[in-house]
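S.K.: For reference, this is coords-v1.tsv, and it has TSV, C-alpha atoms.
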```
chain	number	residue	atom	x	y	z
A	27	MET	CA	-17.57	-12.41	-2.57
A	28	PHE	CA	-16.16	-13.68	0.74
A	29	LYS	CA	-16.71	-16.77	2.88
A	30	LEU	CA	-17.32	-14.39	5.78
A	31	ASP	CA	-20.46	-12.40	6.58
A	32	TYR	CA	-19.21	-8.94	5.70
A	33	VAL	CA	-21.11	-5.66	5.35
A	34	THR	CA	-21.70	-4.21	1.89
A	35	PRO	CA	-21.77	-0.41	1.56
A	36	GLU	CA	-25.54	-0.27	1.10
A	37	LYS	CA	-26.07	-2.14	4.41
A	38	ALA	CA	-23.43	-0.29	6.40
A	39	GLU	CA	-24.41	1.40	9.65
A	40	GLY	CA	-22.63	2.97	12.60
A	41	SER	CA	-18.85	2.64	12.73
A	42	ILE	CA	-18.75	0.62	9.52
A	43	LYS	CA	-20.66	3.30	7.60
A	44	GLU	CA	-18.35	5.92	9.11
A	45	ALA	CA	-15.26	3.93	8.05
A	46	TYR	CA	-16.61	3.51	4.52
A	47	SER	CA	-17.26	7.27	4.28
A	48	ILE	CA	-13.56	8.06	3.78
A	49	PHE	CA	-13.70	6.60	0.26
A	50	PRO	CA	-14.85	8.99	-2.47
A	51	PRO	CA	-18.13	7.92	-4.13
A	52	GLN	CA	-16.45	7.72	-7.56
A	53	MET	CA	-13.99	5.18	-6.14
A	54	GLY	CA	-16.44	3.09	-4.17
A	55	ILE	CA	-15.46	0.88	-1.26
A	56	PRO	CA	-12.74	-1.58	-2.31
A	57	THR	CA	-13.97	-5.11	-1.77
A	58	GLN	CA	-10.91	-5.99	0.30
A	59	ILE	CA	-11.79	-3.11	2.65
A	60	GLN	CA	-15.35	-4.48	2.91
A	61	MET	CA	-13.90	-7.80	4.10
A	62	TYR	CA	-12.60	-5.99	7.22
A	63	SER	CA	-16.18	-5.08	8.18
A	64	VAL	CA	-16.39	-8.55	9.74
A	65	SER	CA	-14.40	-7.00	12.58
A	66	PRO	CA	-15.50	-3.36	13.02
A	67	ALA	CA	-12.57	-2.64	15.37
A	68	LEU	CA	-10.02	-3.86	12.81
A	69	LEU	CA	-11.82	-1.92	10.07
A	70	THR	CA	-11.55	1.22	12.22
A	71	ASN	CA	-7.83	0.55	12.73
A	72	LEU	CA	-7.34	0.01	9.00
A	73	VAL	CA	-9.13	3.26	8.16
A	74	SER	CA	-7.11	5.08	10.79
A	75	GLY	CA	-3.94	3.84	9.06
A	76	ILE	CA	-5.26	4.96	5.67
A	77	LYS	CA	-5.94	8.43	7.10
A	78	TYR	CA	-2.47	8.54	8.64
A	79	PHE	CA	-0.76	7.76	5.35
A	80	ALA	CA	-3.05	10.11	3.41
A	81	SER	CA	-1.67	13.01	5.43
A	82	HIS	CA	1.89	11.76	5.86
A	83	PRO	CA	4.25	14.72	6.04
A	84	LYS	CA	6.96	13.22	3.81
A	85	LEU	CA	5.69	10.11	1.99
A	86	THR	CA	3.79	11.37	-1.05
A	87	PHE	CA	0.69	9.76	-2.53
A	88	PRO	CA	2.57	8.55	-5.66
A	89	MET	CA	5.33	7.12	-3.49
A	90	LEU	CA	2.91	5.25	-1.24
A	91	THR	CA	1.09	3.94	-4.32
A	92	ALA	CA	4.40	2.77	-5.80
A	93	ILE	CA	5.18	0.96	-2.55
A	94	ARG	CA	1.80	-0.78	-2.58
A	95	LEU	CA	2.30	-1.77	-6.23
A	96	MET	CA	5.72	-3.28	-5.51
A	97	SER	CA	4.33	-5.22	-2.58
A	98	ALA	CA	1.19	-6.39	-4.38
A	99	HIS	CA	3.31	-7.54	-7.32
A	100	GLU	CA	5.62	-9.54	-5.06
A	101	LEU	CA	2.61	-11.12	-3.32
A	102	CYS	CA	0.84	-11.85	-6.64
A	103	TYR	CA	-2.09	-9.90	-5.18
A	104	ASP	CA	-3.82	-9.13	-8.46
A	105	TYR	CA	-6.58	-6.94	-7.05
A	106	CYS	CA	-4.10	-4.49	-5.52
A	107	VAL	CA	-1.74	-4.70	-8.49
A	108	GLY	CA	-4.57	-3.58	-10.75
A	109	LEU	CA	-5.79	-0.87	-8.42
A	110	ASN	CA	-2.36	0.66	-7.85
A	111	LEU	CA	-1.42	0.42	-11.55
A	112	LYS	CA	-4.56	2.38	-12.35
A	113	ILE	CA	-3.73	5.01	-9.73
A	114	LEU	CA	-0.14	5.44	-11.00
A	115	LYS	CA	-1.36	5.77	-14.60
A	116	LEU	CA	-3.87	8.41	-13.49
A	117	ALA	CA	-0.97	10.17	-11.74
A	118	GLY	CA	0.83	10.35	-15.11
A	119	MET	CA	3.29	7.46	-14.96
A	120	ASN	CA	3.83	5.57	-18.19
A	121	GLU	CA	4.20	1.81	-18.67
A	122	SER	CA	8.01	1.93	-18.76
A	123	GLU	CA	8.21	3.92	-15.51
A	124	ILE	CA	5.75	1.58	-13.81
A	125	ASN	CA	7.67	-1.50	-14.97
A	126	SER	CA	10.83	0.07	-13.58
A	127	LEU	CA	9.23	-0.03	-10.11
A	128	LEU	CA	9.20	-3.78	-10.43
A	129	GLY	CA	12.80	-4.01	-11.63
A	130	ASP	CA	15.86	-1.79	-11.46
A	131	MET	CA	14.04	1.51	-10.75
A	132	GLU	CA	16.20	3.53	-13.14
A	133	GLU	CA	13.29	5.14	-15.00
A	134	ILE	CA	10.93	5.88	-12.15
A	135	PRO	CA	9.92	9.54	-11.97
A	136	PHE	CA	10.89	10.13	-8.36
A	137	GLU	CA	13.50	12.35	-6.77
A	138	GLU	CA	16.84	10.72	-5.91
A	139	ASN	CA	16.09	10.64	-2.17
A	140	GLU	CA	12.74	8.93	-2.91
A	141	LYS	CA	14.46	6.35	-5.10
A	142	ILE	CA	16.83	5.51	-2.26
A	143	LEU	CA	13.92	4.88	0.10
A	144	LEU	CA	11.96	2.93	-2.53
A	145	LYS	CA	14.98	0.68	-3.11
A	146	LEU	CA	15.16	-0.02	0.61
A	147	VAL	CA	11.43	-0.82	0.71
A	148	GLN	CA	11.90	-3.10	-2.28
A	149	LYS	CA	14.47	-5.01	-0.22
A	150	VAL	CA	12.11	-5.15	2.76
A	151	ILE	CA	9.41	-6.61	0.53
A	152	ASN	CA	11.55	-9.04	-1.48
A	153	ALA	CA	14.35	-10.03	0.90
A	154	PRO	CA	13.95	-8.47	4.34
A	155	LYS	CA	17.06	-10.06	5.82
A	156	SER	CA	19.15	-8.36	3.13
A	157	VAL	CA	18.59	-4.85	4.55
A	158	THR	CA	21.97	-3.59	5.77
A	159	ASP	CA	23.21	-0.82	8.02
A	160	SER	CA	24.52	0.79	4.84
A	161	ASP	CA	21.00	0.81	3.34
A	162	MET	CA	19.72	2.51	6.47
A	163	GLN	CA	22.52	5.06	6.43
A	164	LYS	CA	21.85	5.92	2.76
A	165	CYS	CA	18.23	6.63	3.62
A	166	ARG	CA	19.20	8.80	6.56
A	167	GLU	CA	21.73	10.70	4.44
A	168	ALA	CA	18.98	11.22	1.85
A	169	GLY	CA	16.96	13.04	4.50
A	170	TRP	CA	14.68	10.29	5.75
A	171	ALA	CA	13.99	9.99	9.46
A	172	ASP	CA	13.80	6.51	10.92
A	173	SER	CA	10.04	7.04	11.32
A	174	ASP	CA	9.76	7.68	7.55
A	175	ILE	CA	11.81	4.57	6.79
A	176	PHE	CA	9.66	2.46	9.11
A	177	ASP	CA	6.41	3.93	7.75
A	178	ALA	CA	7.42	3.20	4.15
A	179	ALA	CA	8.46	-0.36	5.05
A	180	TYR	CA	5.22	-0.83	6.99
A	181	GLN	CA	3.16	0.35	4.01
A	182	GLY	CA	4.80	-2.32	1.84
A	183	SER	CA	4.63	-5.04	4.47
A	184	ILE	CA	1.06	-4.58	5.71
A	185	LEU	CA	-0.28	-5.53	2.29
A	186	ALA	CA	0.80	-9.10	3.02
A	187	VAL	CA	-1.83	-9.28	5.76
A	188	SER	CA	-4.64	-8.18	3.46
A	189	ALA	CA	-3.44	-10.47	0.68
A	190	ARG	CA	-3.40	-13.51	2.95
A	191	LEU	CA	-6.82	-12.72	4.41
A	192	SER	CA	-8.23	-12.13	0.96
A	193	TYR	CA	-6.77	-15.40	-0.38
A	194	ALA	CA	-8.18	-17.31	2.60
A	195	PHE	CA	-11.68	-15.87	2.58
A	196	GLU	CA	-12.50	-15.08	-1.06
A	197	LYS	CA	-15.19	-17.23	-2.63
```
Go ahead and render the structure in this file as structure tokens.
M.R.:
Amino acid sequence: MFKLDYVTPEKAEGSIKEAYSIFPPQMGIPTQIQMYSVSPALLTNLVSGIKYFASHPKLTFPMLTAIRLMSAHELCYDYCVGLNLKILKLAGMNESEINSLLGDMEEIPFEENEKILLKLVQKVINAPKSVTDSDMQKCREAGWADSDIFDAAYQGSILAVSARLSYAFEK
């Protein structure tokens, strides 16, 4: 699957097995996560980040999934596009609402304050230099702390790292 010697779930031991254990058996270990097993320390960091976002006090699971979908779409990262589409459909979003995430966002089933933050993240993903002080102020007025804004932007941006590594090392 990769040009690197990575650890499959059935061969995982120690810290790699522990990192893999956060994924429910019905989901399995995403292959892109397995790629990180080449560097157990980076895999541990990645899993720590996943745990952090899974218990984020303000960014909901559907919102984080929407952010990942927007980013994966922009990066043409098909694996993550498919995975996050599936998750949003399981969460009850229809095709029109999902397509809105990749366009004008008028039909997305999120609260107004969430839409404001998602629009900012969309800018971060598509045209980062276009983010203005006004965009930041709108997010703050919508109740988002700077840490929430940064976390949401990070969630969208970090996917670029995985996409590039995956493109480079996939067989």
S.K.: Pick from A:Ile175, A:Met53, A:Val33, A:Leu85: nearest to Pro66 of chain A, with all atoms listed in the file counted?
M.R.: A:Val33
S.K.: For a test of reading the model, state the distance in Å between atom CA of Asn139 of chain A and atom CA of Gly169 of chain A, rounded to one decimal.
M.R.: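 Answer for the atom CA of Asn139 of chain A to atom CA of Gly169 of chain A separation: 7.1 Å.
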S.K.: Between atom CA of Ser63 of chain A and atom CA of Tyr193 of chain A, what is the spacing in Å?
M.R.: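 Taking atom CA of Tyr193 of chain A and atom CA of Ser63 of chain A, their separation equals 16.4 Å.
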S.K.: Have a look at A:Cys165, A:Glu132, A:Ala171, A:Ser65 and name the one nearest to Leu146 of chain A; count all atoms listed in the file.
M.R.: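 Checking each of A:Cys165, A:Glu132, A:Ala171, A:Ser65 against Leu146 of chain A, counting all atoms listed in the file, the winner is A:Cys165.
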S.K.: So, with only C-alpha atoms as the atoms that count, which of A:Leu95, A:Cys106, A:Ala80, A:Ala168 lies closest to Asn125 of chain A?
M.R.: A:Leu95
S.K.: Give the answer as one residue: which of A:Met89, A:Val147, A:Met162, A:Leu191 has the shortest atom-to-atom distance to Ile59 of chain A, using all atoms listed in the file?
M.R.: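 The shortest atom-to-atom distance to Ile59 of chain A comes from A:Leu191.
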S.K.: Counting all atoms listed in the file, which residues have an atom no more than 9 Å from (15.2, -1.2, 0.6) in the file's coordinates? Please list them as a ChimeraX atom specification.
M.R.: /A:142-154,156-158,161-162,165,179
S.K.: What is the atom CA of Glu138 of chain A to atom CA of Tyr103 of chain A distance in Å?
M.R.: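 Here the two named atoms are 28.0 Å from each other.
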S.K.: Neighbours of Ala92 of chain A within 9 Å (all atoms listed in the file; same-chain residues fewer than 5 positions away dropped), as a list of chain:residue names?
M.R.: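 My list of contacting residues is A:Phe87, A:Ser97, A:Asn110, A:Leu111, A:Leu114, A:Ile124, A:Leu127, A:Leu144.
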S.K.: Contacts of Thr70 of chain A at 12 Å or less, counting all atoms listed in the file, minus same-chain residues fewer than 3 places along, as a ChimeraX atom specification?
M.R.: /A:40-48,59-60,62-67,73-77
S.K.: Which one is closest to Gly182 of chain A: A:Glu36, A:Ile55, A:Leu101, A:Gly118? Count all atoms listed in the file.
M.R.: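 Result for the nearest residue to Gly182 of chain A: A:Leu101.
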S.K.: Hey, could you pull the box centre and edge lengths for segment 147-159 of chain A, axis-aligned, 4 Å padding per side, all listed atoms, to one decimal in Å, as JSON?
M.R.:
```
{"center_x": 16.3, "center_y": -5.4, "center_z": 2.9, "size_x": 21.8, "size_y": 17.2, "size_z": 18.3}
```
S.K.: Which of these residues is nearest to Leu185 of chain A, using only C-alpha atoms: A:Lys155, A:His99, A:Arg166, A:Arg94?
M.R.: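 With only C-alpha atoms as the atom set, the closest residue is A:Arg94.
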S.K.: Do a neighbour search on Tyr78 of chain A at 12 Å with all atoms listed in the file, toss out local chain neighbours closer than 6 positions, and write the hits as number ranges by chain.
M.R.: A: 71-72, 84-87, 90, 177, 181
